[in-house]
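Q: Input file: model07.cif. Contents: mmCIF, C-alpha atoms.
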data_protein
loop_
_atom_site.label_atom_id
_atom_site.label_comp_id
_atom_site.auth_asym_id
_atom_site.auth_seq_id
_atom_site.Cartn_x
_atom_site.Cartn_y
_atom_site.Cartn_z
CA MET B 19 22.67 -109.66 -2.68
CA SER B 20 22.79 -107.96 0.72
CA THR B 21 20.78 -109.28 3.64
CA LEU B 22 17.51 -107.67 4.61
CA GLY B 23 19.11 -106.21 7.71
CA GLN B 24 21.82 -104.61 5.61
CA GLU B 25 19.24 -102.93 3.40
CA PHE B 26 18.10 -101.06 6.49
CA THR B 27 21.40 -100.33 8.20
CA LYS B 28 23.22 -99.06 5.10
CA GLY B 29 21.18 -95.85 5.16
CA LEU B 30 22.18 -95.09 8.74
CA PHE B 31 25.94 -94.69 8.38
CA LYS B 32 27.70 -96.29 5.40
CA GLU B 33 25.34 -94.70 2.87
CA ASN B 34 23.96 -91.89 5.00
CA PRO B 35 22.14 -89.62 2.52
CA THR B 36 23.46 -86.36 3.99
CA PHE B 37 27.09 -87.12 4.79
CA ARG B 38 27.89 -89.98 2.42
CA LEU B 39 25.57 -89.68 -0.57
CA ILE B 40 25.52 -85.88 -0.31
CA LEU B 41 21.85 -85.70 -1.22
CA GLY B 42 19.17 -83.26 -0.11
CA MET B 43 21.61 -80.46 0.70
CA CYS B 44 19.13 -77.63 0.27
CA PRO B 45 16.83 -78.46 3.19
CA THR B 46 19.85 -79.57 5.22
CA LEU B 47 21.31 -76.10 5.00
CA ALA B 48 18.10 -74.12 5.20
CA ILE B 49 16.03 -75.84 7.86
CA THR B 50 18.52 -76.97 10.51
CA THR B 51 18.50 -73.78 12.56
CA SER B 52 17.23 -75.80 15.49
CA ALA B 53 17.14 -79.44 16.53
CA PHE B 54 13.35 -79.56 16.41
CA PHE B 55 13.20 -78.25 12.82
CA GLY B 56 15.92 -80.68 11.71
CA PHE B 57 14.13 -83.59 13.35
CA GLY B 58 10.76 -82.55 11.95
CA MET B 59 12.08 -82.25 8.41
CA GLY B 60 13.81 -85.62 8.74
CA ILE B 61 10.59 -87.29 9.79
CA SER B 62 8.71 -85.66 6.91
CA VAL B 63 11.31 -86.89 4.41
CA LEU B 64 11.09 -90.37 6.00
CA ALA B 65 7.32 -90.42 5.58
CA VAL B 66 7.43 -89.36 1.92
CA LEU B 67 10.33 -91.72 1.17
CA LEU B 68 8.48 -94.65 2.70
CA GLY B 69 5.32 -93.94 0.74
CA SER B 70 7.04 -93.35 -2.58
CA ASN B 71 9.40 -96.33 -2.27
CA ILE B 72 6.51 -98.69 -1.51
CA VAL B 73 4.32 -97.50 -4.38
CA ILE B 74 7.10 -97.21 -6.96
CA SER B 75 8.40 -100.65 -6.06
CA ALA B 76 4.90 -102.15 -6.19
CA VAL B 77 4.19 -100.82 -9.70
CA ARG B 78 7.76 -100.98 -11.00
CA ASN B 79 6.93 -103.51 -13.75
CA LEU B 80 3.86 -101.64 -14.92
CA ILE B 81 5.46 -98.29 -15.75
CA PRO B 82 6.94 -98.01 -19.27
CA ASP B 83 10.59 -97.08 -18.98
CA LYS B 84 10.28 -93.91 -21.06
CA VAL B 85 7.74 -92.31 -18.73
CA ARG B 86 9.15 -93.47 -15.44
CA MET B 87 10.38 -90.01 -14.35
CA PRO B 88 7.02 -88.26 -14.79
CA ALA B 89 5.33 -91.21 -13.12
CA TYR B 90 7.68 -91.06 -10.12
CA ILE B 91 7.24 -87.28 -9.81
CA LEU B 92 3.44 -87.73 -9.75
CA ILE B 93 3.67 -90.31 -7.00
CA ILE B 94 6.22 -88.35 -4.96
CA ALA B 95 4.25 -85.11 -5.33
CA ALA B 96 1.10 -86.86 -4.16
CA PHE B 97 2.80 -88.08 -1.00
CA VAL B 98 4.31 -84.66 -0.34
CA SER B 99 0.91 -82.98 -0.74
CA MET B 100 -0.62 -85.46 1.67
CA THR B 101 2.22 -84.97 4.17
CA ASP B 102 1.79 -81.20 3.88
CA MET B 103 -1.93 -81.42 4.64
CA LEU B 104 -1.46 -83.89 7.49
CA LEU B 105 1.20 -81.71 9.10
CA ASN B 106 -0.99 -78.62 8.75
CA ALA B 107 -3.86 -80.42 10.46
CA PHE B 108 -2.03 -82.34 13.20
CA VAL B 109 1.33 -80.64 13.85
CA PRO B 110 0.68 -76.99 12.95
CA GLU B 111 3.79 -75.57 14.69
CA LEU B 112 6.05 -77.80 12.60
CA HIS B 113 4.08 -76.99 9.45
CA LYS B 114 4.48 -73.28 10.07
CA ALA B 115 8.17 -73.69 10.84
CA LEU B 116 9.02 -75.80 7.80
CA GLY B 117 6.83 -73.62 5.60
CA ILE B 118 7.83 -73.68 1.96
CA PHE B 119 10.35 -76.48 2.52
CA ILE B 120 7.60 -79.08 2.78
CA PRO B 121 6.49 -78.71 -0.87
CA LEU B 122 10.19 -78.63 -1.78
CA ILE B 123 10.53 -82.24 -0.58
CA VAL B 124 9.17 -83.16 -4.04
CA VAL B 125 12.50 -82.19 -5.58
CA ASN B 126 14.59 -83.49 -2.70
CA CYS B 127 17.19 -85.66 -4.39
CA ILE B 128 17.00 -88.30 -1.68
CA ILE B 129 13.48 -89.28 -2.70
CA MET B 130 14.01 -89.38 -6.44
CA GLY B 131 17.48 -90.81 -5.90
CA ARG B 132 16.21 -93.85 -4.00
CA ALA B 133 13.36 -94.30 -6.49
CA GLU B 134 15.78 -94.40 -9.42
CA ALA B 135 18.58 -96.28 -7.74
CA PHE B 136 16.66 -98.78 -5.68
CA ALA B 137 12.87 -98.91 -5.60
CA ARG B 138 12.43 -99.54 -9.31
CA LYS B 139 14.80 -102.50 -9.22
CA ASN B 140 13.88 -104.16 -5.95
CA ASN B 141 10.86 -105.74 -4.34
CA VAL B 142 8.57 -104.01 -1.88
CA ILE B 143 10.05 -105.51 1.31
CA ARG B 144 13.57 -104.38 0.42
CA SER B 145 12.28 -100.99 -0.68
CA ILE B 146 10.55 -100.53 2.68
CA LEU B 147 13.79 -101.32 4.51
CA ASP B 148 15.77 -99.03 2.22
CA ALA B 149 13.33 -96.18 2.83
CA LEU B 150 13.35 -96.72 6.59
CA GLY B 151 17.13 -96.86 6.73
CA MET B 152 17.66 -93.80 4.54
CA GLY B 153 14.86 -91.94 6.32
CA VAL B 154 16.21 -92.65 9.79
CA GLY B 155 19.70 -91.81 8.54
CA VAL B 156 18.63 -88.44 7.18
CA THR B 157 16.65 -87.71 10.37
CA MET B 158 19.75 -88.44 12.46
CA SER B 159 21.97 -86.21 10.35
CA LEU B 160 19.52 -83.30 10.13
CA THR B 161 18.94 -83.49 13.88
CA LEU B 162 22.70 -83.56 14.47
CA VAL B 163 23.29 -80.45 12.35
CA GLY B 164 20.28 -78.84 14.03
CA ILE B 165 21.57 -79.61 17.52
CA ILE B 166 24.99 -78.11 16.77
CA ARG B 167 23.59 -74.99 15.17
CA GLU B 168 21.09 -74.55 17.96
CA ILE B 169 23.60 -75.03 20.81
CA PHE B 170 26.09 -72.52 19.45
CA GLY B 171 23.66 -70.29 17.61
CA ALA B 172 20.99 -69.98 20.30
CA GLY B 173 22.29 -71.70 23.42
CA SER B 174 19.60 -74.36 23.59
CA ILE B 175 18.70 -77.91 22.58
CA PHE B 176 15.13 -78.59 21.42
CA GLY B 177 14.22 -75.30 23.06
CA TYR B 178 15.77 -76.09 26.44
CA ASN B 179 18.35 -73.50 27.35
CA ILE B 180 21.51 -75.35 28.34
CA MET B 181 24.25 -72.80 27.96
CA GLY B 182 23.09 -70.45 30.65
CA THR B 183 22.57 -66.72 30.51
CA ALA B 184 26.26 -65.82 30.32
CA PHE B 185 26.58 -67.51 26.93
CA GLU B 186 26.74 -65.18 23.94
CA PRO B 187 25.17 -67.01 21.00
CA MET B 188 27.08 -67.03 17.72
CA GLY B 189 24.52 -65.51 15.39
CA VAL B 190 26.44 -66.58 12.31
CA LEU B 191 25.63 -70.23 13.01
CA ALA B 192 21.92 -69.56 12.88
CA SER B 193 22.28 -68.05 9.40
CA PRO B 194 23.12 -69.67 6.02
CA PRO B 195 26.92 -69.18 6.20
CA GLY B 196 26.85 -70.99 9.52
CA ALA B 197 24.98 -73.86 7.91
CA PHE B 198 27.68 -74.26 5.27
CA ILE B 199 30.42 -74.08 7.91
CA THR B 200 28.74 -76.65 10.17
CA LEU B 201 28.01 -79.01 7.30
CA GLY B 202 31.54 -78.69 5.95
CA ILE B 203 33.17 -79.43 9.28
CA LEU B 204 30.89 -82.42 9.88
CA LEU B 205 31.56 -83.78 6.39
CA GLY B 206 35.29 -83.53 6.94
CA PHE B 207 35.00 -85.17 10.32
CA PHE B 208 32.91 -88.09 9.04
CA ASN B 209 35.18 -88.59 6.01
CA TYR B 210 38.15 -88.85 8.35
CA ALA B 211 36.30 -91.09 10.81
CA PHE B 212 35.06 -93.48 8.15
CA LYS B 213 38.52 -93.71 6.62
CA ARG B 214 40.05 -94.53 9.99
CA LEU B 215 37.37 -97.15 10.63
CA GLY B 216 38.11 -98.67 7.24
CA ILE B 217 34.67 -98.07 5.76
CA GLU B 218 34.69 -96.81 2.23
CA MET O 24 4.10 -102.62 -29.07
CA ARG O 25 4.96 -102.57 -25.38
CA GLU O 26 6.31 -99.04 -25.34
CA SER O 27 3.51 -97.55 -27.42
CA GLY O 28 2.48 -93.96 -26.88
CA LEU O 29 -0.96 -95.10 -25.87
CA ARG O 30 0.41 -97.30 -23.09
CA MET O 31 2.60 -94.47 -21.80
CA ALA O 32 -0.25 -91.99 -21.83
CA LEU O 33 -2.62 -94.43 -20.18
CA THR O 34 -0.12 -95.23 -17.45
CA LEU O 35 0.37 -91.57 -16.60
CA LEU O 36 -3.37 -90.97 -16.74
CA ILE O 37 -4.10 -93.76 -14.29
CA ILE O 38 -1.27 -92.79 -11.95
CA GLY O 39 -2.44 -89.17 -12.08
CA ALA O 40 -6.01 -90.15 -11.32
CA VAL O 41 -5.06 -92.36 -8.38
CA CYS O 42 -2.70 -89.73 -6.96
CA GLY O 43 -5.37 -87.08 -7.37
CA GLY O 44 -7.86 -89.30 -5.60
CA GLY O 45 -5.44 -89.92 -2.75
CA ILE O 46 -4.77 -86.20 -2.31
CA ALA O 47 -8.51 -85.46 -2.40
CA ALA O 48 -9.18 -88.10 0.24
CA VAL O 49 -6.55 -86.73 2.63
CA ASN O 50 -7.79 -83.22 1.98
CA GLY O 51 -11.28 -84.32 2.95
CA ILE O 52 -9.95 -85.46 6.31
CA THR O 53 -7.63 -82.56 7.05
CA ALA O 54 -9.47 -79.54 5.63
CA PRO O 55 -12.15 -79.38 8.39
CA ILE O 56 -9.48 -79.63 11.08
CA ILE O 57 -7.43 -76.84 9.52
CA GLU O 58 -10.48 -74.65 9.04
CA GLU O 59 -11.58 -75.13 12.64
CA ARG O 60 -8.17 -74.21 13.92
CA ALA O 61 -8.12 -71.09 11.73
CA MET O 62 -11.45 -70.07 13.23
CA THR O 63 -10.16 -70.61 16.77
CA GLU O 64 -7.09 -68.51 16.03
CA PHE O 65 -9.25 -65.78 14.49
CA LEU O 66 -11.58 -65.64 17.49
CA GLN O 67 -8.59 -65.44 19.81
CA ALA O 68 -7.27 -62.53 17.73
CA LEU O 69 -10.71 -60.92 17.84
CA GLU O 70 -10.72 -61.03 21.61
CA GLY O 71 -7.22 -59.64 21.54
CA PHE O 72 -8.38 -56.64 19.52
CA PHE O 73 -11.55 -56.04 21.56
CA PRO O 74 -11.23 -57.57 25.04
CA GLU O 75 -14.68 -56.26 26.03
CA VAL O 76 -16.43 -58.07 23.20
CA GLU O 77 -19.53 -60.00 24.27
CA ASN O 78 -21.32 -60.61 20.97
CA TYR O 79 -20.61 -60.33 17.32
CA GLU O 80 -22.77 -60.20 14.21
CA VAL O 81 -21.35 -61.71 11.07
CA GLN O 82 -21.89 -59.89 7.82
CA GLU O 83 -20.62 -60.92 4.41
CA ILE O 84 -19.82 -58.08 2.04
CA GLY O 85 -18.55 -59.12 -1.36
CA ASN O 86 -16.42 -62.17 -0.63
CA GLU O 87 -15.20 -60.88 2.71
CA VAL O 88 -16.57 -61.45 6.19
CA PHE O 89 -16.98 -58.68 8.75
CA TYR O 90 -17.53 -59.18 12.46
CA TYR O 91 -19.57 -56.38 14.05
CA CYS O 92 -18.62 -56.48 17.73
CA THR O 93 -20.68 -55.32 20.66
CA ASP O 94 -19.95 -55.30 24.38
CA SER O 95 -22.12 -56.61 27.22
CA SER O 96 -24.36 -53.51 27.16
CA GLY O 97 -24.96 -53.90 23.43
CA ASN O 98 -22.78 -50.93 22.51
CA PHE O 99 -20.91 -51.02 19.23
CA ILE O 100 -17.18 -51.34 19.95
CA GLY O 101 -15.71 -52.09 16.57
CA VAL O 102 -15.48 -54.16 13.42
CA VAL O 103 -13.01 -56.87 12.45
CA GLY O 104 -12.84 -57.72 8.78
CA GLN O 105 -11.40 -60.96 7.37
CA VAL O 106 -10.15 -59.48 4.15
CA THR O 107 -7.60 -59.95 1.40
CA ALA O 108 -4.93 -57.92 -0.34
CA ASP O 109 -3.05 -58.50 -3.58
CA GLY O 110 0.58 -59.04 -2.73
CA TYR O 111 3.71 -59.92 -4.68
CA GLY O 112 3.17 -63.64 -4.24
CA GLY O 113 -0.61 -63.80 -4.55
CA LYS O 114 -3.40 -63.11 -2.11
CA ILE O 115 -2.63 -61.97 1.42
CA SER O 116 -5.30 -62.87 3.96
CA TYR O 117 -5.46 -60.61 6.99
CA ASP O 118 -7.71 -59.29 9.74
CA LEU O 119 -8.25 -55.56 10.14
CA ALA O 120 -9.69 -54.27 13.43
CA VAL O 121 -11.32 -50.83 13.47
CA ASN O 122 -12.92 -49.32 16.55
CA SER O 123 -16.19 -47.40 16.68
CA SER O 124 -14.41 -44.07 16.08
CA GLY O 125 -12.95 -45.36 12.83
CA ASP O 126 -9.37 -45.85 14.09
CA ILE O 127 -7.38 -48.85 12.99
CA ILE O 128 -6.48 -50.57 16.24
CA GLY O 129 -5.02 -53.82 15.00
CA ILE O 130 -3.97 -55.89 12.04
CA ARG O 131 -3.14 -59.61 11.82
CA ILE O 132 -1.78 -61.34 8.73
CA SER O 133 -3.23 -64.87 8.67
CA SER O 134 -1.66 -66.12 5.45
CA HIS O 135 0.55 -64.78 2.71
CA GLY O 136 2.86 -65.82 -0.09
CA GLU O 137 5.34 -62.98 0.19
CA THR O 138 9.06 -63.53 -0.08
CA PRO O 139 10.65 -64.49 3.25
CA GLY O 140 13.01 -61.77 4.42
CA ILE O 141 11.69 -59.23 1.93
CA GLY O 142 7.95 -59.02 1.39
CA ASP O 143 7.09 -60.64 4.70
CA VAL O 144 8.00 -57.34 6.33
CA ILE O 145 4.24 -56.80 6.25
CA THR O 146 4.00 -59.15 9.23
CA THR O 147 6.39 -57.07 11.30
CA GLU O 148 5.85 -54.31 13.81
CA GLU O 149 7.85 -52.02 11.53
CA PHE O 150 5.18 -52.04 8.86
CA GLN O 151 2.07 -52.59 10.94
CA SER O 152 2.87 -49.70 13.27
CA ARG O 153 2.66 -47.37 10.25
CA VAL O 154 -0.95 -48.32 9.81
CA ILE O 155 -2.23 -48.65 13.38
CA GLY O 156 -3.75 -45.40 14.59
CA LEU O 157 -4.83 -44.18 11.18
CA ASN O 158 -8.44 -43.15 10.91
CA TYR O 159 -11.15 -43.67 8.29
CA ALA O 160 -10.97 -39.95 7.58
CA ASP O 161 -7.23 -40.09 6.83
CA PRO O 162 -6.08 -40.51 3.22
CA ILE O 163 -4.24 -43.81 3.96
CA SER O 164 -2.37 -43.28 0.74
CA PRO O 165 1.29 -44.17 -0.05
CA GLY O 166 3.43 -41.09 -0.14
CA VAL O 167 0.75 -38.93 1.48
CA ASP O 168 0.29 -39.99 5.11
CA VAL O 169 1.94 -43.40 5.11
CA ASP O 170 4.97 -44.85 3.32
CA THR O 171 5.54 -48.18 1.62
CA VAL O 172 8.55 -50.17 2.78
CA SER O 173 11.50 -49.67 0.45
CA GLY O 174 12.56 -52.96 -1.12
CA ALA O 175 9.06 -54.36 -0.57
CA THR O 176 7.00 -51.87 -2.51
CA ILE O 177 4.53 -54.31 -4.04
CA SER O 178 3.92 -56.19 -0.79
CA SER O 179 3.50 -53.12 1.39
CA GLY O 180 1.76 -51.08 -1.32
CA GLY O 181 -0.70 -53.88 -1.94
CA MET O 182 -1.50 -53.97 1.76
CA LEU O 183 -2.05 -50.20 1.92
CA LYS O 184 -4.27 -50.25 -1.15
CA SER O 185 -6.35 -53.01 0.37
CA ILE O 186 -6.56 -51.28 3.76
CA ARG O 187 -7.90 -48.15 2.08
CA ARG O 188 -10.51 -50.25 0.27
CA VAL O 189 -11.51 -52.10 3.45
CA MET O 190 -11.73 -48.84 5.40
CA ASP O 191 -14.14 -47.52 2.77
CA ILE O 192 -16.31 -50.61 3.15
CA ILE O 193 -16.24 -50.37 6.94
CA GLY O 194 -16.96 -46.65 6.84
CA GLU O 195 -19.93 -47.04 4.52
CA ASN O 196 -21.47 -50.02 6.26
CA PHE O 197 -20.63 -49.78 9.94
CA LEU O 198 -19.44 -46.37 11.07
CA THR O 199 -22.29 -44.00 11.88
CA ASN O 200 -20.21 -40.85 11.83
#
Spell out the structure here as structure tokens.

A:
Amino acid sequence: MSTLGQEFTKGLFKENPTFRLILGMCPTLAITTSAFFGFGMGISVLAVLLGSNIVISAVRNLIPDKVRMPAYILIIAAFVSMTDMLLNAFVPELHKALGIFIPLIVVNCIIMGRAEAFARKNNVIRSILDALGMGVGVTMSLTLVGIIREIFGAGSIFGYNIMGTAFEPMGVLASPPGAFITLGILLGFFNYAFKRLGIE
Amino acid sequence: MRESGLRMALTLLIIGAVCGGGIAAVNGITAPIIEERAMTEFLQALEGFFPEVENYEVQEIGNEVFYYCTDSSGNFIGVVGQVTADGYGGKISYDLAVNSSGDIIGIRISSHGETPGIGDVITTEEFQSRVIGLNYADPISPGVDVDTVSGATISSGGMLKSIRRVMDIIGENFLTN
């Protein structure tokens, strides 16, 4: 049984949802056109993951095994709806930017994946740590992809122009093919790095 | 029987009810904030259409709201309607601004469900410029004096159909000539 600290830290690097578990690829590719969007989506996923992990873990012994999937979907969809409304009310620019990808968090494999693999088999404290670790991990990776695509695709970071006016932005990086390319290169890099560091 | 159908159904029912309650509670908190912000954005757009506006009278026709705008001397300067169109992905909510001579001077899409990259062309200058400048007396009919956008026929056609309908309402109720 891993320590409580390990339940949190595993989601950051060793079992990073984006680069190690390869989960939630759709929003990763679609939304990371800028650092702010990547960060915002990461935080939204973190919020939903935290809520769903807590509730699913708390009621894990009460849900009959045969209906656990529909039950999880109900709970996850409720948290996504609430996140959608809260974003619309309190962070409207992010809500407008993320648009249809907020409701799509319901089918984000990270959420359902952690519910199935962890929350239904572990207590609430561990599930909280798991959600926080995975959520922070996914926020870091989405922000990283967003930073890269924004620097080379638009010449800025979080909206601050850092490449100067002489820089010709690579439009391809701001579009879907660029997302695949960036993600692929990062995946290769992290696979190599983890191998060298001896982490499997 | 632990895994009886009744137990499964009851579990889902309770979970559904609690989730529904949670969503309703959050909606109760957020809906007023969202509505207030929408109103602020609309009034900003209104002042953008008619900078000289001093007062407006609100009139509800059917399910749509029309703002009859007057300047500081009480002269009628124009009407802005908060209206809807039937698009490809459901209802499109937009504002149509018509001046006292019956010319369309502005259009603002406030919400839509059109396909990004295809139907959302209705939010662009390319489409809206086809409509701005048309008058109540013009046909405003696809293929006659204005064209739909190829590849987005239902979205753009739905908008044009609605604009014609709204112009008729505005003409009948607000324009004196």

Q: Please compute the atom CA of O:Asn196-atom CA of O:Arg153 distance, one decimal, in Å.

A: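 Atom CA of O:Arg153 lies at a distance of 24.6 Å from atom CA of O:Asn196.
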
Q: For the file shown, what are the residues hit by the PyMOL selection byres ((chain O) within 12 of (chain B)), laid out as a compact mmCIF listing (two decimals) with C-alpha atoms, in the coordinates of the input?

A:
# COMPACT_ATOMS: atom_id res chain seq x y z
CA MET O 24 4.10 -102.62 -29.07
CA ARG O 25 4.96 -102.57 -25.38
CA GLU O 26 6.31 -99.04 -25.34
CA SER O 27 3.51 -97.55 -27.42
CA GLY O 28 2.48 -93.96 -26.88
CA LEU O 29 -0.96 -95.10 -25.87
CA ARG O 30 0.41 -97.30 -23.09
CA MET O 31 2.60 -94.47 -21.80
CA ALA O 32 -0.25 -91.99 -21.83
CA LEU O 33 -2.62 -94.43 -20.18
CA THR O 34 -0.12 -95.23 -17.45
CA LEU O 35 0.37 -91.57 -16.60
CA LEU O 36 -3.37 -90.97 -16.74
CA ILE O 37 -4.10 -93.76 -14.29
CA ILE O 38 -1.27 -92.79 -11.95
CA GLY O 39 -2.44 -89.17 -12.08
CA ALA O 40 -6.01 -90.15 -11.32
CA VAL O 41 -5.06 -92.36 -8.38
CA CYS O 42 -2.70 -89.73 -6.96
CA GLY O 43 -5.37 -87.08 -7.37
CA GLY O 44 -7.86 -89.30 -5.60
CA GLY O 45 -5.44 -89.92 -2.75
CA ILE O 46 -4.77 -86.20 -2.31
CA ALA O 47 -8.51 -85.46 -2.40
CA ALA O 48 -9.18 -88.10 0.24
CA VAL O 49 -6.55 -86.73 2.63
CA ASN O 50 -7.79 -83.22 1.98
CA GLY O 51 -11.28 -84.32 2.95
CA ILE O 52 -9.95 -85.46 6.31
CA THR O 53 -7.63 -82.56 7.05
CA ALA O 54 -9.47 -79.54 5.63
CA PRO O 55 -12.15 -79.38 8.39
CA ILE O 56 -9.48 -79.63 11.08
CA ILE O 57 -7.43 -76.84 9.52
CA GLU O 58 -10.48 -74.65 9.04
CA GLU O 59 -11.58 -75.13 12.64
CA ARG O 60 -8.17 -74.21 13.92
CA ALA O 61 -8.12 -71.09 11.73
CA GLU O 64 -7.09 -68.51 16.03
CA SER O 133 -3.23 -64.87 8.67
CA SER O 134 -1.66 -66.12 5.45
CA HIS O 135 0.55 -64.78 2.71
CA GLY O 136 2.86 -65.82 -0.09
CA GLU O 137 5.34 -62.98 0.19
CA THR O 138 9.06 -63.53 -0.08
CA PRO O 139 10.65 -64.49 3.25

Q: I need the residue set behind the PyMOL selection byres ((chain O and resi 130-132) around 10) for this file; please write it as an MDAnalysis selection string.

A: chainID O and resid 65 68:69 72 103:107 115:121 127:129 133:135 143 145:147 151:152 154:155 186

Q: Run through the PyMOL selection byres ((chain B and resi 38) around 10) on the given coordinates and return the selected residues as a PDB file with C-alpha atoms, in the frame of the given file.

A:
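Produced file selection-v2.pdb, reproduced below:
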ATOM      1  CA  GLY B  29      21.180 -95.850   5.160  1.00  0.00           C
ATOM      2  CA  LEU B  30      22.180 -95.090   8.740  1.00  0.00           C
ATOM      3  CA  PHE B  31      25.940 -94.690   8.380  1.00  0.00           C
ATOM      4  CA  LYS B  32      27.700 -96.290   5.400  1.00  0.00           C
ATOM      5  CA  GLU B  33      25.340 -94.700   2.870  1.00  0.00           C
ATOM      6  CA  ASN B  34      23.960 -91.890   5.000  1.00  0.00           C
ATOM      7  CA  PRO B  35      22.140 -89.620   2.520  1.00  0.00           C
ATOM      8  CA  THR B  36      23.460 -86.360   3.990  1.00  0.00           C
ATOM      9  CA  PHE B  37      27.090 -87.120   4.790  1.00  0.00           C
ATOM     10  CA  LEU B  39      25.570 -89.680  -0.570  1.00  0.00           C
ATOM     11  CA  ILE B  40      25.520 -85.880  -0.310  1.00  0.00           C
ATOM     12  CA  LEU B  41      21.850 -85.700  -1.220  1.00  0.00           C
ATOM     13  CA  LEU B 205      31.560 -83.780   6.390  1.00  0.00           C
ATOM     14  CA  PHE B 208      32.910 -88.090   9.040  1.00  0.00           C
ATOM     15  CA  ASN B 209      35.180 -88.590   6.010  1.00  0.00           C
ATOM     16  CA  PHE B 212      35.060 -93.480   8.150  1.00  0.00           C
ATOM     17  CA  GLU B 218      34.690 -96.810   2.230  1.00  0.00           C
TER      18      GLU B 218
END

Q: Separation of atom CA of B:Tyr210 and atom CA of B:Glu134, in Å?

A: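 Distance between the two atoms: 29.1 Å.
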
Q: Using only C-alpha atoms, which residue out of O:Ile141, O:Glu80, O:Val172, O:Gly166 lies closest to O:Gly112?

A: O:Ile141
